[in-house]
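Structure record follows, encoded as structure tokens.
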Amino acid sequence: MRKFWNWIEDEGGGRVLRLEGPIDNENWWGDEITPQMFRDDLEADEGDVTVWINSPGGNVFAAAEIFTMLKEYAGKVTVRIASLAASAASVVAMAGDVVEMSPTALLMIHDPSTIAMGNAKDMEQAIATLNAVKDSIINAYTLKTGLRKSKISEMMENETWLDAKEALRLGFCDSIMYTDDQDPEEEPEDTHDTERITDMLFSSRMMDLAIMNKLGIEKKTEPEKPVIGMDGRTEDGSMPYDILAKQLELLR
């Protein structure tokens, strides 16, 4: 029975693990392909490991054990999603110390499913098992992303597909391969609030005063704002033109 993983050596001599195709129940738990075989392959050598994933998912318990093996591995684990990490394969992806996605890759998360038969008690037990499995999967996602469990639970319920940019934004991956992770169509966010702008204006005014004092220039007293009556004149009978002239004289 063919394994769904394959170890190769890259040109630099590093260790590369390729997970391709379904993480199949029969392959994993059958007589020929076992968890111990995967562990033996993983621990057969030392050094950092790059894990390439292209998988629609499969058996969640197999994925959970691969996740744990990779987290326990002594070297650095870099996960690279080549095209698809869906369902159980997305759980495996969360084991990476660093998770990278191709700009054309997708990551999908959803609620676990099963096939059950029997009486009402059997159905209740199946539901309880699915809920427990979902909670265990959420643990892997929250460990990587830091998102609230309720948020991830909702995303799983809605079967959420994430492209590389959305996965990066939500924390499911750390970088997008072959890019600088910047979206040229997005303008940088304006982080200046009113308080900071006020501080900048105040600082600018203080700087001007300091320069004037250094040059020996006395700050001229600002004129009081005149009160203009209904006839357009001030209390002393001046017209607005006269007021402007006085202000200009003071500013000279």
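Ordered as shown in the structure tokens, chains take letters A, B, and onward, while each chain numbers its residues from 1 and ligands are numbered from 1 in the order shown.
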
query = Any idea what's packed within 10 Å of stretch 166-175 of chain A, counting only C-alpha atoms, ignoring anything in its chain fewer than 4 positions away? Could you give it as a count of residues only?
reply = 30

key: Two-atom distance - atom CA of A:Ala85, atom CA of A:Gln125 (Å)   = 29.0 Å

Rows by chain and residue number, stretch 153-175 of chain A within 12 Å of stretch 132-138 of chain A, shortest pair, only C-alpha atoms, as a tab-separated table:
residue	atom	partner	partner_atom	distance
A:Ser153	CA	A:Ile138	CA	7.0
A:Glu154	CA	A:Ile138	CA	10.6
A:Met155	CA	A:Ile138	CA	10.3
A:Met156	CA	A:Lys134	CA	8.7
A:Glu157	CA	A:Lys134	CA	9.9

query = For A:Ile23, which of A:Ala88, A:Val49, A:Ala82, A:Met69 is the closest residue, counting only C-alpha atoms?
reply = A:Ala88

remark   = Atom pair atom CA of A:Asp163 + atom CA of A:Leu17, distance 22.7 Å

request  = Return as a PyMOL selection string the full set of residues in stretch 16-170 of chain A whose backbone-based DSSP assignment is strand (DSSP E).
outcome  = chain A and resi 16-20+49-55+77-86+98-101+106-109+160-163

Could you please take those selected residues and save C-alpha atoms as an mmCIF file, in the first residue's frame?
data_model
loop_
_atom_site.group_PDB
_atom_site.id
_atom_site.type_symbol
_atom_site.label_atom_id
_atom_site.label_comp_id
_atom_site.auth_asym_id
_atom_site.auth_seq_id
_atom_site.Cartn_x
_atom_site.Cartn_y
_atom_site.Cartn_z
ATOM 1 C CA VAL A 16 12.158 17.664 2.833
ATOM 2 C CA LEU A 17 8.885 15.884 3.571
ATOM 3 C CA ARG A 18 6.143 15.927 0.975
ATOM 4 C CA LEU A 19 2.575 15.153 2.069
ATOM 5 C CA GLU A 20 0.561 14.650 -1.090
ATOM 6 C CA VAL A 49 12.619 19.827 8.076
ATOM 7 C CA THR A 50 10.597 21.461 5.325
ATOM 8 C CA VAL A 51 7.108 19.975 4.941
ATOM 9 C CA TRP A 52 5.356 20.551 1.608
ATOM 10 C CA ILE A 53 1.593 19.997 1.777
ATOM 11 C CA ASN A 54 -0.768 19.353 -1.109
ATOM 12 C CA SER A 55 -3.681 17.440 0.383
ATOM 13 C CA VAL A 77 9.768 22.602 11.062
ATOM 14 C CA THR A 78 8.837 24.842 8.139
ATOM 15 C CA VAL A 79 5.492 24.080 6.504
ATOM 16 C CA ARG A 80 4.926 25.196 2.929
ATOM 17 C CA ILE A 81 1.439 24.882 1.454
ATOM 18 C CA ALA A 82 1.981 24.322 -2.250
ATOM 19 C CA SER A 83 -1.614 24.366 -3.447
ATOM 20 C CA LEU A 84 -4.075 22.969 -0.903
ATOM 21 C CA ALA A 85 -4.204 22.208 2.797
ATOM 22 C CA ALA A 86 -7.830 21.337 3.420
ATOM 23 C CA VAL A 98 6.891 28.732 10.324
ATOM 24 C CA VAL A 99 3.991 28.317 7.885
ATOM 25 C CA GLU A 100 4.318 29.659 4.360
ATOM 26 C CA MET A 101 1.726 29.627 1.576
ATOM 27 C CA LEU A 106 -5.782 27.612 -0.412
ATOM 28 C CA LEU A 107 -6.420 26.553 3.161
ATOM 29 C CA MET A 108 -9.833 25.189 4.184
ATOM 30 C CA ILE A 109 -11.260 24.475 7.615
ATOM 31 C CA THR A 160 -14.194 28.628 5.342
ATOM 32 C CA TRP A 161 -11.775 28.756 2.408
ATOM 33 C CA LEU A 162 -8.792 31.077 2.840
ATOM 34 C CA ASP A 163 -6.461 32.325 0.158
#

query = Taking into account only C-alpha atoms, which residue in the set A:Pro56, A:Ala74, A:Ala140, A:Ile115 is nearest to A:Gly21?
reply = A:Pro56

task = Check the DSSP output for the backbone and give back, as number ranges by chain, the residues of stretch 74-180 of chain A in helix (DSSP H, G or I).
result = A: 88-93, 120-145, 149-157, 164-170

ask   = How far is it from atom CA of A:Asp111 to atom CA of A:Thr129, in Å with one decimal?
value = 12.1 Å
